[in-house]
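Asker: Have a look at this one before I ask anything.
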Amino acid sequence: MADVLQMIARFQEACRAPKKQLDYYLSQGKKVVGCFPPYTPEELVYAAGMIPMGLWGGQTELMLSKSYLPPFACPIMQANMELALNGAYRGLSACIIPAICDTLRTMTQNWRFGVKEIPMIPIVYPQNRKSAASVDYLISEYEHILVMLAAVTGNMVTEKSMCEAIDVYNEHNAVMREFSQTANAHLDVITPRIRHAVFKSAFFFDKKEHTELVRELIAELNALPAFHFQGKKVVLTGISCEPDELLEVFEENSIAVVGDDLAQENRQIRTDTPAKGGGALKRLALQWNARTGCGMIHEDGKPRGALLTEKCRESGADGVVNCLMKFCDPEEYDQPFFEKDLREAGYPCLTIEIDSQNRSYEQIRTRLETFCEIL
Ligand code: SF4
């Protein structure tokens, strides 16, 4: 058990102090590229021999960002802008911003004018994924990124290194999916805060290293007796569910997280890049086209409700907590559709607002307590 706790502390420390991870990789002579949420082609950065590092905001006082963003921009982007302007991201060789929503589109321009010392690489993903042209278009976007990355490293990425990077990421996906399963047999150890730390820390490690650490954790968990959890079980959906003070409220109410559909967690690892289908860039484009159930990607038929229902069924969850990022339009648009599907399937759904700048969780505490009573 001591070993498990030590391993967990490593994940938690990376989430608590990502700057330490950045400084560590820089001290190793590595270059690091910041990756904005929700999706960036990290594989290309990895193939270029650099470390992709997630930029998911955090708790910080908003001062400088107010000159760039309106107050109704989501808290993640407010925090990212603030941290960038006050120098917290110094050391990054570049950053990639996917222009996937209105706020992110604004961020590409804000970054260009406000954070001149860190080159910004934009990517626009195709939303009409039924068109065959979407693949060619996305390949051209990836080629543009490769050229920009080559300007950082001085070398063009090879096909071989891209294929190797894809393997590293697919392997990481598989190990994280295994972790999700294993965690549910050990809900006494893998509390909501710890589950979150294991997932989120993936953004701050070399993926190969993270894969090995999670693999070791799984082996240690498998050596422990399975635990019969008696509280309530939920599946989380949304962009992210943090900070720890919020997840602590789940724990206080004996609520376990047994699955998720969070952009920061499961959506990152549930769609592998196909092993076949063409060259590395084409395979990555096919991976984008295979993504499903995400509010930020256009899809006919809105399958997110069915996906959540299936997650509840397979994990034995009692209901769903919708972690609605404050001021996130794409997530708000999706909510009525999946709520209706969940209602029809008999799974209660509670929506709570996620705002990393929030310091008081009393309202959420009351709402979760009430939700537990109807589960
Ligand atoms: S998708 Fe939502 S959370 Fe993400 S950047 Fe856009 S508004 Fe913010």
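Quick note on naming: the chains in the structure tokens go A, B, ... in the order shown, residues restart at 1 in each chain, and ligands are numbered from 1 in order of appearance.
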Using only C-alpha atoms and all ligand atoms, determine which residues fall within 8 Å of ligand 1, then list them as a ChimeraX atom specification.

Answerer: /A:37-38,73-77,100-104,239,296,325-331

Asker: Include N, CA and C atoms and write out the residues we just selected as a PDB file, in the first residue's frame.

Answerer:
ATOM      1  N   PRO A  37      -6.365  23.128 -24.655  1.00  0.00           N
ATOM      2  CA  PRO A  37      -7.470  22.196 -24.751  1.00  0.00           C
ATOM      3  C   PRO A  37      -8.361  22.540 -25.939  1.00  0.00           C
ATOM      4  N   PRO A  38      -9.227  21.659 -26.366  1.00  0.00           N
ATOM      5  CA  PRO A  38      -9.343  20.287 -25.867  1.00  0.00           C
ATOM      6  C   PRO A  38      -8.446  19.305 -26.625  1.00  0.00           C
ATOM      7  N   ALA A  73     -15.805  35.067 -21.079  1.00  0.00           N
ATOM      8  CA  ALA A  73     -14.985  33.989 -21.667  1.00  0.00           C
ATOM      9  C   ALA A  73     -14.829  32.907 -20.604  1.00  0.00           C
ATOM     10  N   CYS A  74     -14.670  31.652 -21.027  1.00  0.00           N
ATOM     11  CA  CYS A  74     -14.628  30.564 -20.042  1.00  0.00           C
ATOM     12  C   CYS A  74     -13.399  30.702 -19.127  1.00  0.00           C
ATOM     13  N   PRO A  75     -13.506  30.197 -17.888  1.00  0.00           N
ATOM     14  CA  PRO A  75     -12.418  30.374 -16.914  1.00  0.00           C
ATOM     15  C   PRO A  75     -11.094  29.749 -17.354  1.00  0.00           C
ATOM     16  N   ILE A  76     -11.144  28.667 -18.161  1.00  0.00           N
ATOM     17  CA  ILE A  76      -9.874  28.045 -18.580  1.00  0.00           C
ATOM     18  C   ILE A  76      -9.073  29.043 -19.414  1.00  0.00           C
ATOM     19  N   MET A  77      -9.763  29.686 -20.362  1.00  0.00           N
ATOM     20  CA  MET A  77      -9.046  30.614 -21.249  1.00  0.00           C
ATOM     21  C   MET A  77      -8.659  31.895 -20.527  1.00  0.00           C
ATOM     22  N   ILE A 100     -11.362  25.758 -31.948  1.00  0.00           N
ATOM     23  CA  ILE A 100     -12.492  24.849 -32.020  1.00  0.00           C
ATOM     24  C   ILE A 100     -13.795  25.494 -31.550  1.00  0.00           C
ATOM     25  N   CYS A 101     -13.697  26.624 -30.843  1.00  0.00           N
ATOM     26  CA  CYS A 101     -14.899  27.358 -30.421  1.00  0.00           C
ATOM     27  C   CYS A 101     -14.590  28.849 -30.536  1.00  0.00           C
ATOM     28  N   ASP A 102     -15.596  29.682 -30.309  1.00  0.00           N
ATOM     29  CA  ASP A 102     -15.392  31.136 -30.476  1.00  0.00           C
ATOM     30  C   ASP A 102     -14.294  31.654 -29.546  1.00  0.00           C
ATOM     31  N   THR A 103     -14.279  31.153 -28.314  1.00  0.00           N
ATOM     32  CA  THR A 103     -13.284  31.652 -27.351  1.00  0.00           C
ATOM     33  C   THR A 103     -11.872  31.271 -27.796  1.00  0.00           C
ATOM     34  N   LEU A 104     -11.722  30.052 -28.290  1.00  0.00           N
ATOM     35  CA  LEU A 104     -10.387  29.629 -28.737  1.00  0.00           C
ATOM     36  C   LEU A 104      -9.947  30.398 -29.977  1.00  0.00           C
ATOM     37  N   ILE A 239     -16.231  19.322 -19.606  1.00  0.00           N
ATOM     38  CA  ILE A 239     -14.867  19.645 -20.014  1.00  0.00           C
ATOM     39  C   ILE A 239     -13.880  19.125 -18.976  1.00  0.00           C
ATOM     40  N   MET A 296     -17.887  19.505 -28.735  1.00  0.00           N
ATOM     41  CA  MET A 296     -17.125  20.467 -29.544  1.00  0.00           C
ATOM     42  C   MET A 296     -16.926  20.008 -30.976  1.00  0.00           C
ATOM     43  N   MET A 325     -18.782  23.711 -17.788  1.00  0.00           N
ATOM     44  CA  MET A 325     -17.807  24.802 -17.705  1.00  0.00           C
ATOM     45  C   MET A 325     -18.532  26.134 -17.872  1.00  0.00           C
ATOM     46  N   LYS A 326     -18.259  27.044 -16.949  1.00  0.00           N
ATOM     47  CA  LYS A 326     -18.908  28.356 -16.999  1.00  0.00           C
ATOM     48  C   LYS A 326     -18.640  29.026 -18.353  1.00  0.00           C
ATOM     49  N   PHE A 327     -19.688  29.528 -18.975  1.00  0.00           N
ATOM     50  CA  PHE A 327     -19.610  30.247 -20.255  1.00  0.00           C
ATOM     51  C   PHE A 327     -19.118  29.390 -21.424  1.00  0.00           C
ATOM     52  N   CYS A 328     -19.305  28.086 -21.362  1.00  0.00           N
ATOM     53  CA  CYS A 328     -18.873  27.235 -22.480  1.00  0.00           C
ATOM     54  C   CYS A 328     -20.083  26.950 -23.377  1.00  0.00           C
ATOM     55  N   ASP A 329     -20.178  27.666 -24.484  1.00  0.00           N
ATOM     56  CA  ASP A 329     -21.330  27.507 -25.381  1.00  0.00           C
ATOM     57  C   ASP A 329     -21.478  26.089 -25.934  1.00  0.00           C
ATOM     58  N   PRO A 330     -20.401  25.486 -26.473  1.00  0.00           N
ATOM     59  CA  PRO A 330     -20.590  24.157 -27.081  1.00  0.00           C
ATOM     60  C   PRO A 330     -21.182  23.147 -26.091  1.00  0.00           C
ATOM     61  N   GLU A 331     -20.758  23.236 -24.825  1.00  0.00           N
ATOM     62  CA  GLU A 331     -21.279  22.296 -23.837  1.00  0.00           C
ATOM     63  C   GLU A 331     -22.737  22.612 -23.498  1.00  0.00           C
TER      64      GLU A 331
END

Asker: Mind checking which residues fall within 12 Å of Glu310 of chain A, counting only C-alpha atoms, ignoring those fewer than 4 positions away in the same chain, and posting them as a VMD selection string?

Answerer: chain A and resid 235 259 to 261 293 303 to 306 314 to 317 319 to 320 341 to 342 345 to 347

Asker: Write the residues you've just listed into a file as a JSON list (two decimals), in the first residue's frame, and include N, CA and C atoms for each of them.

Answerer:
[["chain", "number", "residue", "atom", "x", "y", "z"],
["A", 235, "VAL", "N", -21.01, 8.92, -13.16],
["A", 235, "VAL", "CA", -20.19, 9.18, -14.35],
["A", 235, "VAL", "C", -20.15, 10.69, -14.53],
["A", 259, "GLY", "N", -16.58, 6.45, -13.98],
["A", 259, "GLY", "CA", -16.41, 6.61, -15.42],
["A", 259, "GLY", "C", -16.50, 8.09, -15.75],
["A", 260, "ASP", "N", -16.00, 8.46, -16.91],
["A", 260, "ASP", "CA", -16.15, 9.86, -17.27],
["A", 260, "ASP", "C", -16.17, 10.04, -18.77],
["A", 261, "ASP", "N", -16.71, 11.18, -19.13],
["A", 261, "ASP", "CA", -16.74, 11.63, -20.52],
["A", 261, "ASP", "C", -16.25, 13.07, -20.51],
["A", 293, "GLY", "N", -19.24, 11.76, -29.81],
["A", 293, "GLY", "CA", -19.83, 12.07, -28.49],
["A", 293, "GLY", "C", -19.22, 13.26, -27.80],
["A", 303, "PRO", "N", -25.00, 11.68, -30.36],
["A", 303, "PRO", "CA", -24.90, 10.38, -29.69],
["A", 303, "PRO", "C", -24.40, 10.42, -28.24],
["A", 304, "ARG", "N", -24.16, 11.62, -27.70],
["A", 304, "ARG", "CA", -23.56, 11.68, -26.36],
["A", 304, "ARG", "C", -24.43, 11.04, -25.28],
["A", 305, "GLY", "N", -25.76, 11.22, -25.41],
["A", 305, "GLY", "CA", -26.66, 10.65, -24.42],
["A", 305, "GLY", "C", -26.56, 9.13, -24.40],
["A", 306, "ALA", "N", -26.50, 8.54, -25.60],
["A", 306, "ALA", "CA", -26.40, 7.07, -25.68],
["A", 306, "ALA", "C", -25.06, 6.61, -25.11],
["A", 314, "GLU", "N", -22.41, 0.01, -18.02],
["A", 314, "GLU", "CA", -21.25, -0.88, -17.88],
["A", 314, "GLU", "C", -20.49, -0.66, -16.57],
["A", 315, "SER", "N", -20.60, 0.55, -15.99],
["A", 315, "SER", "CA", -19.85, 0.82, -14.75],
["A", 315, "SER", "C", -20.72, 0.66, -13.51],
["A", 316, "GLY", "N", -22.01, 0.46, -13.71],
["A", 316, "GLY", "CA", -22.91, 0.33, -12.56],
["A", 316, "GLY", "C", -23.17, 1.68, -11.89],
["A", 317, "ALA", "N", -23.04, 2.78, -12.64],
["A", 317, "ALA", "CA", -23.24, 4.11, -12.05],
["A", 317, "ALA", "C", -24.72, 4.35, -11.75],
["A", 319, "GLY", "N", -25.95, 7.53, -11.61],
["A", 319, "GLY", "CA", -26.37, 8.74, -12.32],
["A", 319, "GLY", "C", -25.18, 9.46, -12.93],
["A", 320, "VAL", "N", -25.47, 10.64, -13.48],
["A", 320, "VAL", "CA", -24.44, 11.40, -14.19],
["A", 320, "VAL", "C", -24.34, 12.80, -13.57],
["A", 341, "ASP", "N", -31.93, 12.06, -23.22],
["A", 341, "ASP", "CA", -31.62, 10.64, -23.40],
["A", 341, "ASP", "C", -31.42, 9.94, -22.06],
["A", 342, "LEU", "N", -30.74, 10.64, -21.14],
["A", 342, "LEU", "CA", -30.48, 10.02, -19.82],
["A", 342, "LEU", "C", -31.79, 9.85, -19.05],
["A", 345, "ALA", "N", -33.58, 6.93, -20.25],
["A", 345, "ALA", "CA", -32.92, 5.67, -19.85],
["A", 345, "ALA", "C", -33.00, 5.45, -18.35],
["A", 346, "GLY", "N", -33.51, 6.45, -17.61],
["A", 346, "GLY", "CA", -33.69, 6.27, -16.16],
["A", 346, "GLY", "C", -32.47, 6.65, -15.33],
["A", 347, "TYR", "N", -31.56, 7.44, -15.90],
["A", 347, "TYR", "CA", -30.39, 7.87, -15.13],
["A", 347, "TYR", "C", -30.52, 9.35, -14.77]]

Asker: Which one is closest to Tyr137 of chain A: A:Asn289, A:Thr271, A:Gln335, A:Ser360? Count only C-alpha atoms.

Answerer: A:Asn289

Asker: Measuring atom to atom with only C-alpha atoms, identify which of A:Ile8, A:Cys349, A:Met81, A:Ala263 is nearest to Phe371 of chain A.

Answerer: A:Cys349

Asker: List as number ranges by chain the protein and nucleic acid residues near Leu22 of chain A, meaning an atom at most 12 Å away when only C-alpha atoms are counted, but skip any in the same chain fewer than 6 places from it.

Answerer: A: 14-15, 28-34, 50-55, 88-93, 203-206

Asker: Which residue is closest to Phe36 of chain A? Choose from A:Asn322, A:Ser356, A:Thr108, A:Ser134 and count only C-alpha atoms.

Answerer: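 The shortest atom-to-atom distance to Phe36 of chain A comes from A:Thr108.
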
Asker: When you count only C-alpha atoms, which of these residues is closest to Lys160 of chain A: A:Met63, A:Ala219, A:Ala280, A:Leu26?

Answerer: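 Under the stated criterion, the closest residue is A:Ala280.
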
Asker: Can you list, as a ChimeraX atom specification, every protein, DNA or RNA residue that comes within 10 Å of Asp136 of chain A when you count only C-alpha atoms, leaving out same-chain residues fewer than 6 positions away?

Answerer: /A:142,281-282,285

Asker: Quick one: residues within 12 Å of segment 221-230 of chain A, only C-alpha atoms, excluding same-chain residues fewer than 6 positions away - as a PyMOL selection string?

Answerer: chain A and resi 1-5+7-8+178-191+214-215+253-258+316-318

Asker: Quick one: of A:Glu171, A:Glu251, A:Glu339, A:Glu373, who's nearest to Glu209 of chain A, counting only C-alpha atoms?

Answerer: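 Nearest candidate to Glu209 of chain A out of A:Glu171, A:Glu251, A:Glu339, A:Glu373: A:Glu171.
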
Asker: I'd like the interatomic distance between atom CA of Glu252 of chain A and atom CA of Ala197 of chain A, to a tenth of an Å.

Answerer: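 Atom CA of Ala197 of chain A lies at a distance of 17.8 Å from atom CA of Glu252 of chain A.
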
Asker: In Å, how far is it from atom CA of Leu247 of chain A to atom CA of Glu13 of chain A?

Answerer: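 These atoms are spaced 16.5 Å apart.
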
Asker: Using DSSP secondary structure from the backbone, list all alpha helix (DSSP H) positions within segment 24-195 of chain A, as JSON, numbers by chain.

Answerer: {"A": [24, 25, 26, 27, 42, 43, 44, 45, 46, 47, 75, 76, 77, 78, 79, 80, 81, 82, 83, 84, 85, 102, 103, 104, 105, 106, 107, 108, 109, 110, 111, 112, 113, 114, 133, 134, 135, 136, 137, 138, 139, 140, 141, 142, 143, 144, 145, 146, 147, 148, 149, 150, 151, 152, 153, 159, 160, 161, 162, 163, 164, 165, 166, 167, 168, 169, 170, 171, 172, 173, 174, 175, 176, 177, 178, 179, 180, 181, 182, 183, 192, 193, 194, 195]}

Asker: Closest to Gly277 of chain A among A:Val147, A:Lys232, A:Val135, A:Gln21, using only C-alpha atoms?

Answerer: A:Val135

Asker: Please, which residues in segment 130-201 of chain A fall within 10 Å of segment 121-124 of chain A when counting only C-alpha atoms, and what is the closest atom pair and distance in Å to one decimal for each, ordered by chain then residue number, as JSON lines?

Answerer:
{"residue": "A:Tyr137", "atom": "CA", "partner": "A:Val124", "partner_atom": "CA", "distance": 9.6}
{"residue": "A:Leu138", "atom": "CA", "partner": "A:Val124", "partner_atom": "CA", "distance": 8.1}
{"residue": "A:Glu141", "atom": "CA", "partner": "A:Ile123", "partner_atom": "CA", "distance": 6.3}
{"residue": "A:Tyr142", "atom": "CA", "partner": "A:Ile123", "partner_atom": "CA", "distance": 7.9}
{"residue": "A:His144", "atom": "CA", "partner": "A:Ile123", "partner_atom": "CA", "distance": 8.6}
{"residue": "A:Ile145", "atom": "CA", "partner": "A:Ile121", "partner_atom": "CA", "distance": 6.7}
{"residue": "A:Leu146", "atom": "CA", "partner": "A:Ile121", "partner_atom": "CA", "distance": 9.9}
{"residue": "A:Met148", "atom": "CA", "partner": "A:Ile121", "partner_atom": "CA", "distance": 7.0}
{"residue": "A:Leu149", "atom": "CA", "partner": "A:Ile121", "partner_atom": "CA", "distance": 8.6}

Asker: State, in Å with one decimal place, the distance from atom CA of Lys207 of chain A to atom CA of Thr292 of chain A.

Answerer: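 Between atom CA of Lys207 of chain A and atom CA of Thr292 of chain A the gap works out to 23.1 Å.
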